[in-house]
file entry-v4.cif (mmCIF, C-alpha atoms and all ligand atoms)
data_my_file
loop_
_atom_site.label_atom_id
_atom_site.label_comp_id
_atom_site.auth_asym_id
_atom_site.auth_seq_id
_atom_site.Cartn_x
_atom_site.Cartn_y
_atom_site.Cartn_z
CA MET U 29 45.60 -2.98 -3.68
CA ARG U 30 44.18 0.35 -2.44
CA LYS U 31 40.46 0.77 -2.89
CA THR U 32 39.50 3.85 -4.89
CA PRO U 33 35.91 5.19 -5.04
CA ALA U 34 35.69 3.86 -8.60
CA SER U 35 36.87 0.36 -7.66
CA ARG U 36 34.49 0.35 -4.68
CA LYS U 37 31.62 1.27 -6.97
CA ALA U 38 32.52 -1.46 -9.44
CA ALA U 39 32.80 -4.00 -6.62
CA ALA U 40 29.39 -3.00 -5.23
CA ARG U 41 27.87 -3.32 -8.68
CA GLN U 42 29.31 -6.81 -9.04
CA GLN U 43 28.12 -7.81 -5.55
CA VAL U 44 24.59 -6.66 -6.35
CA PHE U 45 24.60 -8.39 -9.74
CA ASP U 46 25.89 -11.65 -8.22
CA ALA U 47 23.36 -11.50 -5.40
CA LEU U 48 20.40 -10.84 -7.68
CA GLY U 49 21.43 -13.69 -9.93
CA THR U 50 20.98 -16.13 -7.05
CA LEU U 51 17.58 -14.94 -5.78
CA LYS U 52 14.58 -16.84 -7.11
CA ILE U 53 11.22 -16.12 -5.52
CA GLU U 54 8.21 -18.41 -5.72
CA ILE U 55 4.82 -16.76 -6.04
CA PRO U 56 1.63 -18.20 -4.57
CA SER U 57 -1.30 -19.03 -6.84
CA TRP U 58 -3.62 -17.90 -4.05
CA GLY U 59 -2.15 -14.40 -4.16
CA PHE U 60 -4.02 -13.74 -7.42
CA ALA U 61 -7.49 -14.91 -6.41
CA ASP U 62 -10.21 -13.04 -4.54
CA THR U 63 -9.14 -13.52 -0.95
CA GLY U 64 -9.79 -11.61 2.21
CA THR U 65 -10.15 -11.75 5.93
CA ARG U 66 -12.72 -13.72 7.86
CA PHE U 67 -14.70 -10.48 8.02
CA GLY U 68 -15.09 -10.10 4.29
CA LYS U 69 -13.59 -9.88 0.86
CA PHE U 70 -13.22 -6.86 -1.37
CA TYR U 71 -13.59 -8.15 -4.87
CA GLN U 72 -11.55 -7.16 -7.88
CA ASP U 73 -12.60 -7.63 -11.49
CA ALA U 74 -9.03 -8.63 -12.38
CA ALA U 75 -8.83 -11.32 -9.68
CA ALA U 76 -8.09 -14.78 -11.06
CA ILE U 77 -11.07 -17.10 -11.39
CA ASP U 78 -9.23 -20.36 -11.90
CA LEU U 79 -5.78 -21.89 -12.03
CA ALA U 80 -5.33 -20.85 -15.66
CA ASP U 81 -5.79 -17.19 -14.66
CA LYS U 82 -3.45 -17.60 -11.69
CA LEU U 83 -0.74 -19.10 -13.88
CA ALA U 84 -1.24 -16.33 -16.43
CA ASP U 85 -0.76 -13.72 -13.67
CA ALA U 86 2.29 -15.55 -12.40
CA GLY U 87 3.64 -15.63 -15.96
CA GLN U 88 3.21 -11.85 -16.17
CA VAL U 89 5.18 -11.40 -12.92
CA HIS U 90 7.97 -13.69 -14.12
CA ARG U 91 8.15 -12.04 -17.55
CA LEU U 92 8.64 -8.66 -15.91
CA THR U 93 10.99 -9.67 -13.08
CA GLY U 94 12.85 -12.68 -14.46
CA CYS U 95 13.18 -14.11 -10.96
CA CYS U 96 9.85 -15.83 -10.23
CA PRO U 97 9.98 -19.05 -12.25
CA THR U 98 7.79 -21.18 -9.97
CA VAL U 99 4.27 -20.97 -8.60
CA ALA U 100 3.17 -22.47 -5.28
CA VAL U 101 -0.16 -24.26 -5.51
CA HIS U 102 -2.73 -25.12 -2.85
CA VAL U 103 -4.20 -28.51 -3.70
CA LEU U 104 -7.81 -27.89 -2.67
CA TRP U 105 -7.96 -24.46 -4.26
CA ASP U 106 -6.11 -25.26 -7.47
CA PHE U 107 -6.64 -28.91 -8.45
CA LYS U 108 -10.05 -30.09 -9.53
CA PRO U 109 -10.82 -33.67 -8.44
CA GLY U 110 -9.28 -36.06 -10.95
CA GLU U 111 -7.35 -33.28 -12.71
CA ASP U 112 -4.37 -34.48 -14.71
CA PRO U 113 -1.22 -33.09 -13.00
CA ALA U 114 0.75 -33.39 -16.25
CA ALA U 115 -1.80 -31.08 -17.89
CA VAL U 116 -1.38 -28.60 -15.04
CA ALA U 117 2.40 -28.69 -15.49
CA ALA U 118 1.93 -28.14 -19.23
CA LEU U 119 -0.40 -25.19 -18.59
CA ALA U 120 2.23 -23.67 -16.31
CA ALA U 121 4.88 -24.17 -19.01
CA ARG U 122 2.67 -22.41 -21.57
CA ASN U 123 2.69 -19.42 -19.24
CA GLY U 124 6.47 -19.53 -18.89
CA VAL U 125 6.49 -20.84 -15.29
CA LYS U 126 6.70 -24.16 -13.42
CA ILE U 127 4.68 -25.66 -10.61
CA GLY U 128 6.48 -25.03 -7.35
CA SER U 129 5.67 -26.11 -3.83
CA ILE U 130 2.58 -28.25 -3.32
CA ASN U 131 0.49 -27.17 -0.33
CA PRO U 132 -1.95 -29.78 0.97
CA ASN U 133 -5.01 -28.30 2.62
CA LEU U 134 -5.45 -29.80 6.07
CA PHE U 135 -7.66 -27.07 7.47
CA GLN U 136 -10.81 -26.40 5.49
CA ASP U 137 -12.67 -29.67 5.44
CA GLN U 138 -15.31 -30.10 8.18
CA ILE U 139 -13.51 -33.20 9.43
CA TYR U 140 -10.62 -31.00 10.62
CA LYS U 141 -12.62 -29.27 13.36
CA HIS U 142 -10.32 -30.80 15.98
CA GLY U 143 -7.20 -31.06 13.85
CA SER U 144 -5.70 -33.15 11.09
CA PHE U 145 -2.48 -35.04 11.97
CA ALA U 146 -3.03 -34.37 15.69
CA ASN U 147 -6.72 -35.26 15.67
CA PRO U 148 -7.65 -37.87 18.33
CA ASP U 149 -9.82 -39.63 15.73
CA PRO U 150 -7.70 -42.12 13.72
CA ALA U 151 -10.14 -41.89 10.80
CA VAL U 152 -9.47 -38.16 10.45
CA ARG U 153 -5.71 -38.71 10.66
CA LYS U 154 -6.02 -41.34 7.96
CA ALA U 155 -7.92 -38.93 5.69
CA ALA U 156 -5.39 -36.14 6.33
CA LEU U 157 -2.53 -38.52 5.55
CA ALA U 158 -4.23 -39.72 2.36
CA HIS U 159 -4.65 -36.12 1.16
CA THR U 160 -1.01 -35.36 1.97
CA LEU U 161 0.25 -38.48 0.21
CA HIS U 162 -1.87 -37.54 -2.80
CA SER U 163 -0.11 -34.15 -2.67
CA VAL U 164 3.27 -35.93 -2.64
CA GLU U 165 2.18 -37.74 -5.82
CA LEU U 166 1.04 -34.47 -7.39
CA GLY U 167 4.52 -33.14 -6.65
CA LYS U 168 6.13 -36.09 -8.41
CA LYS U 169 3.86 -35.71 -11.43
CA THR U 170 4.18 -31.95 -11.78
CA GLY U 171 7.95 -31.97 -11.27
CA SER U 172 7.72 -30.09 -7.99
CA ARG U 173 10.42 -30.64 -5.40
CA LEU U 174 8.69 -29.25 -2.34
CA LEU U 175 5.82 -30.38 -0.18
CA SER U 176 4.92 -27.44 2.00
CA LEU U 177 2.95 -28.38 5.10
CA TRP U 178 1.08 -26.09 7.42
CA LEU U 179 -0.94 -27.72 10.18
CA ALA U 180 -3.76 -25.59 11.54
CA ASP U 181 -3.99 -28.12 14.36
CA GLY U 182 -4.39 -26.95 17.92
CA ILE U 183 -6.77 -26.88 20.84
CA ASN U 184 -8.77 -24.00 22.21
CA TYR U 185 -9.13 -25.05 25.85
CA PRO U 186 -6.89 -26.44 28.58
CA GLY U 187 -7.60 -30.10 29.18
CA GLN U 188 -9.25 -30.54 25.78
CA ASP U 189 -6.70 -33.14 24.68
CA ASN U 190 -3.41 -34.70 25.74
CA ILE U 191 -0.76 -32.33 24.38
CA ALA U 192 2.06 -34.91 24.31
CA ALA U 193 -0.17 -37.49 22.64
CA ARG U 194 -1.04 -34.93 19.96
CA LYS U 195 2.68 -34.39 19.37
CA GLU U 196 3.22 -38.13 18.87
CA ARG U 197 0.29 -38.35 16.44
CA VAL U 198 1.77 -35.54 14.35
CA ALA U 199 5.19 -37.22 14.44
CA GLU U 200 3.72 -40.52 13.22
CA CYS U 201 1.96 -38.85 10.29
CA LEU U 202 5.05 -36.84 9.33
CA ALA U 203 7.18 -39.98 9.34
CA ALA U 204 4.62 -41.68 7.10
CA VAL U 205 4.71 -38.74 4.67
CA HIS U 206 8.50 -38.67 4.74
CA ARG U 207 8.68 -42.36 3.78
CA LYS U 208 6.80 -41.61 0.56
CA LEU U 209 8.92 -38.68 -0.60
CA GLY U 210 10.80 -39.16 -3.85
CA PRO U 211 14.63 -38.93 -3.85
CA ASP U 212 14.59 -35.21 -4.72
CA GLN U 213 11.55 -34.18 -2.74
CA LEU U 214 11.69 -32.19 0.49
CA LEU U 215 9.08 -31.76 3.18
CA LEU U 216 8.86 -28.24 4.60
CA LEU U 217 7.05 -27.83 7.92
CA GLU U 218 5.67 -24.39 8.74
CA TYR U 219 4.97 -23.16 12.26
CA LYS U 220 2.56 -20.57 13.60
CA PRO U 221 2.01 -19.54 17.22
CA PHE U 222 -1.77 -19.21 17.10
CA GLU U 223 -4.77 -19.02 14.79
CA PRO U 224 -7.00 -20.81 14.15
CA ALA U 225 -6.50 -22.40 17.59
CA PHE U 226 -5.81 -20.05 20.47
CA TYR U 227 -4.79 -22.13 23.47
CA ALA U 228 -2.15 -24.55 22.14
CA THR U 229 -1.09 -24.86 18.53
CA ASP U 230 0.51 -28.21 17.72
CA VAL U 231 3.40 -26.80 15.67
CA ALA U 232 3.64 -23.40 17.30
CA ASP U 233 7.27 -22.40 16.86
CA TRP U 234 10.53 -23.14 15.07
CA GLY U 235 11.75 -25.46 17.83
CA MET U 236 8.71 -27.70 17.54
CA SER U 237 8.97 -27.71 13.77
CA CYS U 238 12.69 -28.48 13.96
CA ILE U 239 12.21 -31.40 16.37
CA HIS U 240 9.48 -32.83 14.15
CA CYS U 241 11.62 -32.45 11.03
CA LYS U 242 14.67 -34.08 12.61
CA LYS U 243 12.54 -37.01 13.74
CA ALA U 244 10.74 -37.34 10.41
CA GLY U 245 13.94 -37.87 8.42
CA LYS U 246 16.69 -36.31 6.35
CA LYS U 247 14.37 -34.73 3.81
CA ALA U 248 12.42 -32.52 6.20
CA ARG U 249 13.17 -28.85 6.90
CA VAL U 250 11.64 -25.92 8.76
CA LEU U 251 9.64 -23.30 6.87
CA VAL U 252 9.78 -19.79 8.34
CA ASP U 253 6.72 -17.68 7.52
CA THR U 254 7.84 -14.17 8.46
CA GLY U 255 4.29 -13.35 9.61
CA HIS U 256 4.13 -16.21 12.10
CA HIS U 257 6.00 -14.74 15.05
CA TYR U 258 5.25 -12.83 18.21
CA THR U 259 5.90 -9.11 18.00
CA ALA U 260 9.24 -8.95 19.77
CA GLN U 261 10.66 -12.18 18.35
CA ASN U 262 14.12 -12.05 16.80
CA ILE U 263 13.51 -13.81 13.48
CA GLU U 264 17.07 -13.44 12.21
CA GLN U 265 18.36 -15.32 15.24
CA ILE U 266 15.97 -18.16 14.48
CA VAL U 267 17.22 -18.12 10.89
CA ALA U 268 20.87 -18.19 11.98
CA TRP U 269 20.20 -21.16 14.29
CA LEU U 270 18.30 -23.10 11.65
CA LEU U 271 21.05 -22.43 9.10
CA SER U 272 23.71 -23.62 11.47
CA GLU U 273 21.74 -26.83 12.04
CA ASN U 274 21.13 -27.21 8.27
CA MET U 275 17.41 -27.20 9.04
CA LEU U 276 16.20 -24.08 7.21
CA GLY U 277 14.08 -25.15 4.25
CA GLY U 278 12.43 -21.97 3.16
CA PHE U 279 10.46 -18.83 3.78
CA HIS U 280 6.99 -17.52 3.33
CA PHE U 281 7.46 -13.79 2.79
CA ASN U 282 5.08 -11.18 4.15
CA ASP U 283 5.08 -8.47 6.76
CA ARG U 284 3.07 -8.18 9.94
CA ARG U 285 2.27 -5.71 12.65
CA TYR U 286 -0.01 -7.78 14.87
CA ALA U 287 -0.29 -11.37 13.76
CA ASP U 288 -0.55 -13.10 10.40
CA ASP U 289 -1.34 -9.88 8.56
CA ASP U 290 -0.25 -10.89 5.03
CA LEU U 291 1.13 -7.41 4.34
CA THR U 292 3.69 -6.63 1.65
CA LEU U 293 7.18 -7.87 2.58
CA GLY U 294 9.24 -5.07 4.06
CA SER U 295 6.34 -2.61 4.08
CA LEU U 296 6.55 -2.14 7.85
CA ASP U 297 9.95 -3.29 8.93
CA PRO U 298 12.40 -3.49 6.02
CA TYR U 299 15.34 -3.52 8.44
CA GLN U 300 14.14 -6.81 9.87
CA VAL U 301 14.04 -8.42 6.42
CA PHE U 302 17.51 -6.97 5.78
CA ARG U 303 18.77 -8.52 9.04
CA ILE U 304 17.32 -11.90 8.06
CA PHE U 305 18.99 -11.70 4.63
CA ASN U 306 22.19 -10.58 6.31
CA GLU U 307 22.29 -13.85 8.29
CA ILE U 308 21.75 -15.83 5.10
CA HIS U 309 24.58 -14.02 3.28
CA GLN U 310 26.78 -14.42 6.37
CA HIS U 311 26.11 -18.17 6.42
CA ALA U 312 27.05 -18.48 2.74
CA HIS U 313 30.22 -16.42 3.35
CA ASP U 314 31.23 -18.59 6.32
CA ASN U 315 30.54 -21.63 4.17
CA GLY U 316 33.10 -20.78 1.48
CA GLY U 317 30.58 -18.83 -0.63
CA ARG U 318 28.22 -21.78 -0.94
CA PRO U 319 24.63 -20.65 -0.35
CA ALA U 320 22.24 -22.84 1.62
CA ASP U 321 19.42 -24.51 -0.30
CA ILE U 322 16.53 -22.24 0.71
CA ALA U 323 13.15 -21.84 -0.98
CA TYR U 324 12.08 -18.19 -1.01
CA MET U 325 8.33 -18.03 -1.36
CA ILE U 326 5.76 -15.30 -0.99
CA ASP U 327 2.67 -15.95 1.12
CA GLN U 328 0.48 -12.89 0.81
CA SER U 329 -3.22 -12.62 0.04
CA HIS U 330 -4.06 -9.03 -0.65
CA ASN U 331 -7.60 -7.93 0.10
CA ASP U 332 -7.23 -4.34 -1.05
CA LYS U 333 -4.12 -3.88 -3.24
CA PRO U 334 -4.26 -4.96 -6.92
CA LYS U 335 -2.80 -8.44 -6.78
CA VAL U 336 -0.26 -8.52 -9.62
CA GLU U 337 1.00 -5.06 -8.63
CA ALA U 338 1.32 -6.15 -4.99
CA THR U 339 3.33 -9.18 -6.08
CA LEU U 340 5.64 -7.05 -8.22
CA GLN U 341 6.13 -4.66 -5.31
CA THR U 342 6.99 -7.53 -2.96
CA VAL U 343 9.49 -9.00 -5.40
CA ALA U 344 11.15 -5.59 -5.80
CA ASN U 345 11.31 -5.13 -2.02
CA ALA U 346 12.87 -8.56 -1.62
CA GLN U 347 15.46 -7.85 -4.32
CA GLU U 348 16.37 -4.49 -2.78
CA LEU U 349 16.82 -5.87 0.72
CA TRP U 350 18.67 -8.94 -0.56
CA ALA U 351 21.05 -6.73 -2.55
CA LYS U 352 21.61 -4.37 0.39
CA ALA U 353 22.44 -7.31 2.65
CA ALA U 354 24.94 -8.53 0.04
CA LEU U 355 26.78 -5.21 0.38
CA VAL U 356 27.78 -5.77 4.01
CA ASP U 357 31.57 -5.76 4.14
CA ARG U 358 32.10 -9.24 5.65
CA ASP U 359 35.84 -8.91 6.24
CA ALA U 360 35.45 -5.60 8.04
CA LEU U 361 32.56 -7.04 10.03
CA ALA U 362 34.64 -10.03 11.12
CA HIS U 363 37.40 -7.65 12.19
CA HIS U 364 34.99 -5.52 14.25
CA GLN U 365 33.41 -8.61 15.78
CA LYS U 366 36.82 -9.95 16.80
CA ASN U 367 37.49 -6.70 18.62
CA THR U 368 33.93 -6.38 19.91
CA ALA U 369 33.76 -3.01 18.21
CA GLN U 370 30.00 -2.82 18.59
CA ILE U 371 29.47 0.62 17.13
CA ASP U 372 31.64 -0.02 14.07
CA ALA U 373 30.00 -3.40 13.43
CA GLU U 374 26.53 -1.95 13.70
CA GLU U 375 27.46 1.01 11.49
CA LEU U 376 28.62 -1.43 8.80
CA LEU U 377 25.17 -2.98 8.69
CA LYS U 378 23.55 0.45 8.59
CA THR U 379 25.80 1.63 5.77
CA ALA U 380 24.70 -1.33 3.66
CA PHE U 381 21.05 -0.92 4.64
CA PHE U 382 20.95 2.75 3.71
CA THR U 383 22.68 2.30 0.34
CA ASP U 384 20.27 3.07 -2.47
CA VAL U 385 20.62 -0.05 -4.61
CA ARG U 386 17.72 0.75 -6.92
CA PRO U 387 19.86 2.16 -9.75
CA LEU U 388 22.07 -0.96 -9.65
CA ILE U 389 19.02 -3.22 -9.68
CA ALA U 390 17.65 -1.34 -12.70
CA ASP U 391 21.03 -1.89 -14.40
CA TRP U 392 20.89 -5.60 -13.57
CA ARG U 393 17.42 -5.82 -15.08
CA ARG U 394 18.58 -4.05 -18.25
CA ALA U 395 21.57 -6.40 -18.46
CA ASN U 396 19.12 -9.31 -18.25
CA LYS U 397 16.79 -7.84 -20.90
CA LEU U 398 14.13 -7.06 -18.31
CA PRO U 399 12.25 -3.80 -17.85
CA PRO U 400 14.17 -1.57 -15.41
CA ASP U 401 10.94 -0.82 -13.55
CA PRO U 402 8.66 -3.90 -13.61
CA LEU U 403 5.74 -2.12 -11.92
CA ALA U 404 5.78 0.72 -14.45
CA ALA U 405 6.09 -1.79 -17.30
CA HIS U 406 3.13 -3.74 -15.94
CA ARG U 407 1.02 -0.59 -15.71
CA ALA U 408 1.98 0.41 -19.24
CA SER U 409 1.19 -3.07 -20.59
CA GLY U 410 -2.57 -2.79 -20.03
CA TYR U 411 -2.52 -6.36 -18.59
CA GLU U 412 -4.64 -5.46 -15.55
CA GLN U 413 -7.38 -3.76 -17.62
CA ALA U 414 -7.51 -6.60 -20.13
CA ALA U 415 -7.69 -9.20 -17.33
CA ALA U 416 -10.43 -7.24 -15.56
CA LYS U 417 -12.51 -7.03 -18.74
CA ASP U 418 -12.05 -10.67 -19.65
CA ARG U 419 -12.58 -12.03 -16.13
CA ALA U 420 -15.61 -9.86 -15.36
CA ALA U 421 -17.24 -11.11 -18.58
CA ARG U 422 -16.36 -14.73 -17.82
CA ARG U 423 -17.71 -14.41 -14.27
CA LYS U 424 -20.96 -13.11 -15.71
CA ALA U 425 -21.16 -15.95 -18.24
CA LEU U 426 -20.37 -18.52 -15.54
CA GLY U 427 -22.91 -17.00 -13.15
CA ILE U 428 -20.23 -16.33 -10.52
CA THR U 429 -21.29 -13.57 -8.15
CA GLN U 430 -18.59 -12.03 -6.02
CA THR U 431 -20.71 -12.06 -2.91
CA ALA U 432 -19.91 -15.27 -1.09
CA GLY U 433 -17.78 -14.95 2.04
CA GLY U 434 -15.09 -17.37 3.17
CA TYR U 435 -11.37 -17.66 3.06
CA ALA U 436 -9.38 -17.74 -0.17
C1 LIG N 1 -1.27 -20.05 7.28
O1 LIG N 1 -1.50 -18.83 7.90
C2 LIG N 1 -0.45 -19.87 6.02
O2 LIG N 1 0.69 -19.09 6.30
C3 LIG N 1 -0.06 -21.20 5.41
O3 LIG N 1 1.15 -21.10 4.71
C4 LIG N 1 -1.18 -21.44 4.45
O4 LIG N 1 -0.88 -22.39 3.46
C5 LIG N 1 -1.38 -20.05 3.90
O5 LIG N 1 -1.19 -19.20 5.02
C6 LIG N 1 -2.73 -19.84 3.30
O6 LIG N 1 -2.84 -18.53 2.81
MN MN N 2 2.55 -19.33 5.24
#
call {"tool": "encode", "arguments": {"input": "entry-v4.cif", "output": "structure tokens"}}
result
Amino acid sequence: MRKTPASRKAAARQQVFDALGTLKIEIPSWGFADTGTRFGKFYQDAAAIDLADKLADAGQVHRLTGCCPTVAVHVLWDFKPGEDPAAVAALAARNGVKIGSINPNLFQDQIYKHGSFANPDPAVRKAALAHTLHSVELGKKTGSRLLSLWLADGINYPGQDNIAARKERVAECLAAVHRKLGPDQLLLLEYKPFEPAFYATDVADWGMSCIHCKKAGKKARVLVDTGHHYTAQNIEQIVAWLLSENMLGGFHFNDRRYADDDLTLGSLDPYQVFRIFNEIHQHAHDNGGRPADIAYMIDQSHNDKPKVEATLQTVANAQELWAKAALVDRDALAHHQKNTAQIDAEELLKTAFFTDVRPLIADWRRANKLPPDPLAAHRASGYEQAAAKDRAARRKALGITQTAGGYA
């Protein structure tokens, strides 16, 4: 059948609708709290004080976008000692969301000065493992499927420790965690080239993470934080490789210019995010239309933007780039690739990238009884002002002064 402009338009609309229907994005509880850099924090009256506030903010984002049903939690920051996980799950449900990935904290306690799973001191490794296994239990009790691990482990100076021995210590701990996972749980292992350690990070890149995951067992996958790469690195190639090995577990979305900058996804290099999404759509296409099981999560702590607004903006950016990548004409691309028609193949990607999908996304939102412009709806709702008033008053009553430094 010949394609007319009208049939092309209808097909594009359907492609965008289908793509948006499959994209769920997890939001991080820590994105709503007062966070900052190690040089300081810029406080906001509307910043969440506790987990109840964070879940309320997450609920607002999900109500407006319809695509953020789960909230990632950081155990140390979100769970009070002895807190009932079932009560936390119920609190999330009251806000219209669910508890998502559980993030153990293996970096803030003083004992982690020289690492957690890689630490030469067996007592520290034991403590790190106990905290992680507790996190696995929290996952089981809150109905969360994902344990999301980031090891801040590394060494600052050559000769400081035996690099290969550190690798084996990490492997042993990961295997021990893997053994305790429930049948539906997955372990995601994040990598980061540097920071906080600057000479040798123990899980510094996707290859190290992938080797660890393969050794740990069938329920371990690599987590790609888009901010954790060197400047020139080709992230979409890493994604394509991990997909082809069935080792891609999920993403932490953000954008970067220098290092782990926590900037809004797609704010600096939207074409890169598009190229990553293009590989994911390509993989699904090559796999008979079956998408890989990937957790899309945001990992951004905004120091200056209003936090709920920044989250809404990120979600909208992700949806736009995801929808654009869905518009790539896969059959034509395969044809051009077969003939090594470089210019035509590249132009196909550019055509999809430069398509303005915003009107179609607004239509999709209307069709799903969502506001066509979530950011505008949020601003009109007065949520931010009400939260600022309530939280400023509660801070005063609780004697919380927004002057202490620190991270998160
Ligand atoms: C580390 O930089 C990281 O990306 C990890 O995912 C942590 O859990 C998170 O940031 C803390 O904000
Ligand atoms: Mn991350």
call {"tool": "atom_distance", "arguments": {"input": "entry-v4.cif", "atom1": "atom CA of U:Leu388", "atom2": "atom CA of U:Cys95"}}
result
15.9 Å
call {"tool": "residues_near_point", "arguments": {"input": "entry-v4.cif", "point": "(21.6, 3.0, -2.4)", "cutoff": "12 Å", "atoms": "only C-alpha atoms", "output": "list in words"}}
result
Lys37, Ala40, Arg41, Val44, Glu348, Leu349, Ala351, Lys352, Ala353, Leu355, Lys378, Thr379, Ala380, Phe381, Phe382, Thr383, Asp384, Val385, Arg386, Pro387, Leu388, Ile389 and Ala390 of chain U
call {"tool": "atom_distance", "arguments": {"input": "entry-v4.cif", "atom1": "atom CA of U:Lys242", "atom2": "atom O5 of ligand LIG 1 (chain N)"}}
result
23.0 Å
call {"tool": "residues_near_ligand", "arguments": {"input": "entry-v4.cif", "ligand": "ligand LIG 1 (chain N)", "cutoff": "9 Å", "atoms": "only C-alpha atoms and all ligand atoms", "output": "mmCIF file with C-alpha atoms, keeping the file's coordinate frame"}}
result
data_model
loop_
_atom_site.group_PDB
_atom_site.id
_atom_site.type_symbol
_atom_site.label_atom_id
_atom_site.label_comp_id
_atom_site.auth_asym_id
_atom_site.auth_seq_id
_atom_site.Cartn_x
_atom_site.Cartn_y
_atom_site.Cartn_z
ATOM 1 C CA PRO U 56 1.630 -18.200 -4.570
ATOM 2 C CA TRP U 58 -3.620 -17.900 -4.050
ATOM 3 C CA GLY U 59 -2.150 -14.400 -4.160
ATOM 4 C CA THR U 63 -9.140 -13.520 -0.950
ATOM 5 C CA HIS U 102 -2.730 -25.120 -2.850
ATOM 6 C CA ASN U 131 0.490 -27.170 -0.330
ATOM 7 C CA PRO U 132 -1.950 -29.780 0.970
ATOM 8 C CA ASN U 133 -5.010 -28.300 2.620
ATOM 9 C CA SER U 176 4.920 -27.440 2.000
ATOM 10 C CA LEU U 177 2.950 -28.380 5.100
ATOM 11 C CA TRP U 178 1.080 -26.090 7.420
ATOM 12 C CA LEU U 179 -0.940 -27.720 10.180
ATOM 13 C CA ALA U 180 -3.760 -25.590 11.540
ATOM 14 C CA GLU U 218 5.670 -24.390 8.740
ATOM 15 C CA TYR U 219 4.970 -23.160 12.260
ATOM 16 C CA LYS U 220 2.560 -20.570 13.600
ATOM 17 C CA GLU U 223 -4.770 -19.020 14.790
ATOM 18 C CA PRO U 224 -7.000 -20.810 14.150
ATOM 19 C CA ASP U 253 6.720 -17.680 7.520
ATOM 20 C CA THR U 254 7.840 -14.170 8.460
ATOM 21 C CA GLY U 255 4.290 -13.350 9.610
ATOM 22 C CA HIS U 256 4.130 -16.210 12.100
ATOM 23 C CA HIS U 280 6.990 -17.520 3.330
ATOM 24 C CA ASP U 288 -0.550 -13.100 10.400
ATOM 25 C CA ASP U 289 -1.340 -9.880 8.560
ATOM 26 C CA ASP U 290 -0.250 -10.890 5.030
ATOM 27 C CA ASP U 327 2.670 -15.950 1.120
ATOM 28 C CA GLN U 328 0.480 -12.890 0.810
ATOM 29 C CA SER U 329 -3.220 -12.620 0.040
ATOM 30 C CA TYR U 435 -11.370 -17.660 3.060
ATOM 31 C CA ALA U 436 -9.380 -17.740 -0.170
#
call {"tool": "axis_aligned_box", "arguments": {"input": "entry-v4.cif", "around": "stretch 369-372 of chain U", "padding_each_side": "4 Å", "output": "JSON"}}
result
{"center_x": 31.6, "center_y": -1.2, "center_z": 16.3, "size_x": 12.3, "size_y": 11.6, "size_z": 12.5}
call {"tool": "residues_around", "arguments": {"input": "entry-v4.cif", "residues": "U:His406", "least_positions_apart": "2", "cutoff": "9 Å", "atoms": "only C-alpha atoms", "output": "ChimeraX atom specification"}}
result
/U:88-89,92,336-337,340,401-404,408-412
call {"tool": "residues_around", "arguments": {"input": "entry-v4.cif", "residues": "U:Leu166", "least_positions_apart": "5", "cutoff": "9 Å", "atoms": "all atoms listed in the file", "output": "list in words"}}
result
Val103, Pro113, Ala114, Ile130, Leu161, Gly171 and Ser172 of chain U
call {"tool": "residues_around", "arguments": {"input": "entry-v4.cif", "residues": "U:Thr259", "least_positions_apart": "6", "cutoff": "12 Å", "atoms": "only C-alpha atoms", "output": "number ranges by chain"}}
result
U: 221, 283-289, 297, 300
call {"tool": "closest_residue", "arguments": {"input": "entry-v4.cif", "among": "U:Ala146, U:Leu48, U:Leu270, U:Ala193", "to": "U:Gly94", "atoms": "all atoms listed in the file"}}
result
U:Leu48
call {"tool": "closest_residue", "arguments": {"input": "entry-v4.cif", "among": "U:Phe145, U:Phe279, U:Tyr324, U:Phe226", "to": "ligand MN 2 (chain N)", "atoms": "only C-alpha atoms and all ligand atoms"}}
result
U:Phe279
call {"tool": "closest_residue", "arguments": {"input": "entry-v4.cif", "among": "U:Met325, U:Val356, U:Ala47, U:Ile191", "to": "ligand MN 2 (chain N)", "atoms": "only C-alpha atoms and all ligand atoms"}}
result
U:Met325
call {"tool": "decode", "arguments": {"input": "entry-v4.cif", "residues": "stretch 304-308 of chain U", "atoms": "N, CA, C and O atoms", "output": "compact mmCIF listing (two decimals), in the first residue's frame"}}
result
# COMPACT_ATOMS: atom_id res chain seq x y z
N ILE U 304 20.87 6.74 22.61
CA ILE U 304 20.75 5.62 23.56
C ILE U 304 19.38 4.95 23.38
O ILE U 304 19.26 3.72 23.25
N PHE U 305 18.33 5.77 23.35
CA PHE U 305 16.97 5.23 23.19
C PHE U 305 16.83 4.52 21.84
O PHE U 305 16.12 3.52 21.72
N ASN U 306 17.51 5.07 20.85
CA ASN U 306 17.46 4.44 19.53
C ASN U 306 17.98 3.00 19.59
O ASN U 306 17.40 2.08 18.99
N GLU U 307 19.06 2.79 20.33
CA GLU U 307 19.60 1.42 20.46
C GLU U 307 18.61 0.50 21.17
O GLU U 307 18.50 -0.68 20.85
N ILE U 308 17.90 1.07 22.15
CA ILE U 308 16.94 0.25 22.90
C ILE U 308 15.76 -0.14 21.99
O ILE U 308 15.32 -1.30 21.97
